[in-house]
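A short write-up of the structure that comes next.
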Amino acid sequence: MPQGSRPPETTGHLPLPPGGPVGMPSVPPAPVAPDPTTTTLAVLLIGPAGAGKTSVAKYWADHRRVPTAHISLDDVREWVRSGFADPQRGWNDHSEAQYRLARRTCGFAARNFLANGISCILDDAIFPDRPAVGLGGWKRHVGPGLLPVVLLPGLEVVLERNAERSGNRRLTDEEVARIHGRMAGWYGSGLPIIDNSQLDVPATAQVLDDILARAIASPPKW
């Protein structure tokens, strides 16, 4: 070896790479918030008559970036023409049987849509104090991934909206007030509630998307 030269840095017969500074570990990327507009979902919109469930559900379904269906329990109930048991004329065995049948039909349709990659939003006026026709039945018929959200504006708002209805969809003011009062039982239930008294349909749909994004990230227990 020539005078003054240094031997190569080796270990055995394997040359070592030249030394260099050790870089700091990179910061992991921030988690991306789930996007409810591109996720296949099953949503149940709950609320009294005049809450705007159908309008919000249709708008929400119309403005998603993935195929989405709107399923209205009232529409399905009214498939029965002759012999329709109208609950407004009294809740009895016939009206309850037709309600249960309509709910099963909606549940079957929702599962079929979901199995084919199509989201769905269902709407129904479910009372928190009526387990016979309550939330548990929807969970059984649609599946455990169903995301319920309550739409509950103030009484004066639902009275005004109900006055614009016609046919058997329009209720008396007394009935609207009674239903609205019973819907207040959803407070304290743990379900997300949207007071859309001061919100138009697009703004309500945006709040709904915000709630669903949180529900996707942390599925609710109900």
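Convention: chains lettered A, B, ... in structure tokens order; per-chain residue numbering from 1; ligands numbered from 1 as shown.
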
Taking only residues of range 71-104 of chain A that have an atom at most 12 Å from an atom of range 139-161 of chain A, what is each one's shortest atom pair and its distance in Å to one decimal, using only C-alpha atoms, in chain and number order, as a tab-separated table?
```
residue	atom	partner	partner_atom	distance
A:Ile71	CA	A:Val142	CA	11.9
A:Arg100	CA	A:His141	CA	10.3
A:Leu101	CA	A:His141	CA	10.8
A:Ala102	CA	A:His141	CA	10.9
A:Arg103	CA	A:His141	CA	7.6
A:Arg104	CA	A:His141	CA	6.0
```

For the residues selected in the previous step, produce a file with all heavy atoms as a CSV table (one decimal), in the first residue's frame.
```csv
chain,number,residue,atom,x,y,z
A,71,ILE,N,-86.0,6.2,-0.9
A,71,ILE,CA,-87.1,5.3,-0.6
A,71,ILE,C,-87.9,5.9,0.5
A,71,ILE,O,-87.5,6.1,1.6
A,71,ILE,CB,-86.5,3.9,-0.1
A,71,ILE,CG1,-85.6,3.3,-1.1
A,71,ILE,CG2,-87.7,3.0,0.1
A,71,ILE,CD1,-84.9,2.1,-0.6
A,100,ARG,N,-96.0,-2.4,8.8
A,100,ARG,CA,-94.9,-3.4,8.9
A,100,ARG,C,-94.5,-3.9,7.5
A,100,ARG,O,-93.4,-4.1,7.2
A,100,ARG,CB,-95.3,-4.5,9.8
A,100,ARG,CG,-95.4,-4.1,11.3
A,100,ARG,CD,-95.9,-5.3,12.1
A,100,ARG,NE,-96.0,-5.0,13.5
A,100,ARG,CZ,-95.0,-5.1,14.4
A,100,ARG,NH1,-93.8,-5.5,14.0
A,100,ARG,NH2,-95.2,-4.8,15.7
A,101,LEU,N,-95.6,-4.2,6.7
A,101,LEU,CA,-95.3,-4.7,5.4
A,101,LEU,C,-94.5,-3.7,4.5
A,101,LEU,O,-93.6,-4.1,3.8
A,101,LEU,CB,-96.6,-5.1,4.7
A,101,LEU,CG,-96.6,-5.6,3.2
A,101,LEU,CD1,-95.7,-6.9,3.2
A,101,LEU,CD2,-98.0,-5.8,2.7
A,102,ALA,N,-94.9,-2.4,4.6
A,102,ALA,CA,-94.2,-1.4,3.8
A,102,ALA,C,-92.8,-1.3,4.3
A,102,ALA,O,-91.9,-1.1,3.5
A,102,ALA,CB,-95.0,-0.1,4.0
A,103,ARG,N,-92.6,-1.4,5.6
A,103,ARG,CA,-91.2,-1.2,6.1
A,103,ARG,C,-90.3,-2.4,5.6
A,103,ARG,O,-89.2,-2.2,5.2
A,103,ARG,CB,-91.2,-1.2,7.6
A,103,ARG,CG,-89.8,-0.9,8.2
A,103,ARG,CD,-89.9,-0.7,9.7
A,103,ARG,NE,-90.4,-1.8,10.4
A,103,ARG,CZ,-90.7,-1.9,11.7
A,103,ARG,NH1,-90.5,-0.8,12.4
A,103,ARG,NH2,-91.2,-2.9,12.3
A,104,ARG,N,-90.9,-3.6,5.7
A,104,ARG,CA,-90.1,-4.8,5.1
A,104,ARG,C,-89.8,-4.6,3.7
A,104,ARG,O,-88.7,-4.9,3.2
A,104,ARG,CB,-90.9,-6.1,5.4
A,104,ARG,CG,-91.0,-6.5,6.8
A,104,ARG,CD,-91.3,-8.0,6.9
A,104,ARG,NE,-92.6,-8.3,6.3
A,104,ARG,CZ,-93.8,-8.2,7.0
A,104,ARG,NH1,-93.8,-7.9,8.3
A,104,ARG,NH2,-94.9,-8.5,6.4
```

To test your reading of the structure, identify every residue in chain A that backbone DSSP assigns to helix (DSSP H, G or I), and report it as a PyMOL selection string. chain A and resi 53-62+73-77+87-89+93-115+131-133+135-142+155-163+167-169+173-186+201-217

Within 9 Å of Asp173 in chain A, counting only C-alpha atoms, which residues show up once you throw out same-chain ones fewer than 2 positions away? Write them as a PyMOL selection string, please. chain A and resi 159+162-163+171+175-178

For the structure I just gave you, how does DSSP split range 7-204 of chain A - specifically, which residues are strand (DSSP E)? Reply as a list in words. Thr10, Thr11, Leu14, Pro15, Ala42, Val43, Leu44, Leu45, Ile46, Thr68, Ala69, His70, Ile71, Ser72, Ser119, Cys120, Ile121, Leu122, Asp123, Asp124, Leu147, Pro148, Val149, Val150, Leu151, Ile193 and Ile194 of chain A

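Checking A:Ala42, A:Val207, A:Leu135, A:Val201 one by one against Cys120 in chain A, counting only C-alpha atoms, you find the shortest gap at A:Ala42.
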
For each of A:Gly136, A:Pro219, A:Pro128, A:Pro202, take the minimum atom-to-atom distance to Val56 in chain A, counting only C-alpha atoms, then give the residue where this is smallest.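 The answer is A:Pro202, which sits nearest to Val56 in chain A.
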
A:Ala184, A:Ile194, A:Ile46, A:Leu41 ranked by distance to Arg111 in chain A, top pick (using only C-alpha atoms): A:Leu41

Nearest residue to Ala205 in chain A out of A:Tyr187, A:Pro67, A:Gly47, A:Trp60, using only C-alpha atoms?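 Counting only C-alpha atoms, the residue closest to Ala205 in chain A is A:Trp60.
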
Which one of A:Asp62, A:Asp210, A:Asp195, A:Asp74 sits closest to Leu122 in chain A if you count only C-alpha atoms?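 Checking each candidate against Leu122 in chain A, we get A:Asp74 as the closest.
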
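Atom to atom, CA of Val43 in chain A and CA of Ala97 in chain A stand 23.6 Å apart.
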
Show which residues sit within 9 Å of Ala125 in chain A, as a ChimeraX atom specification. Count only C-alpha atoms, and ignore same-chain residues fewer than 6 positions away. /A:45-49,53,73,179,183
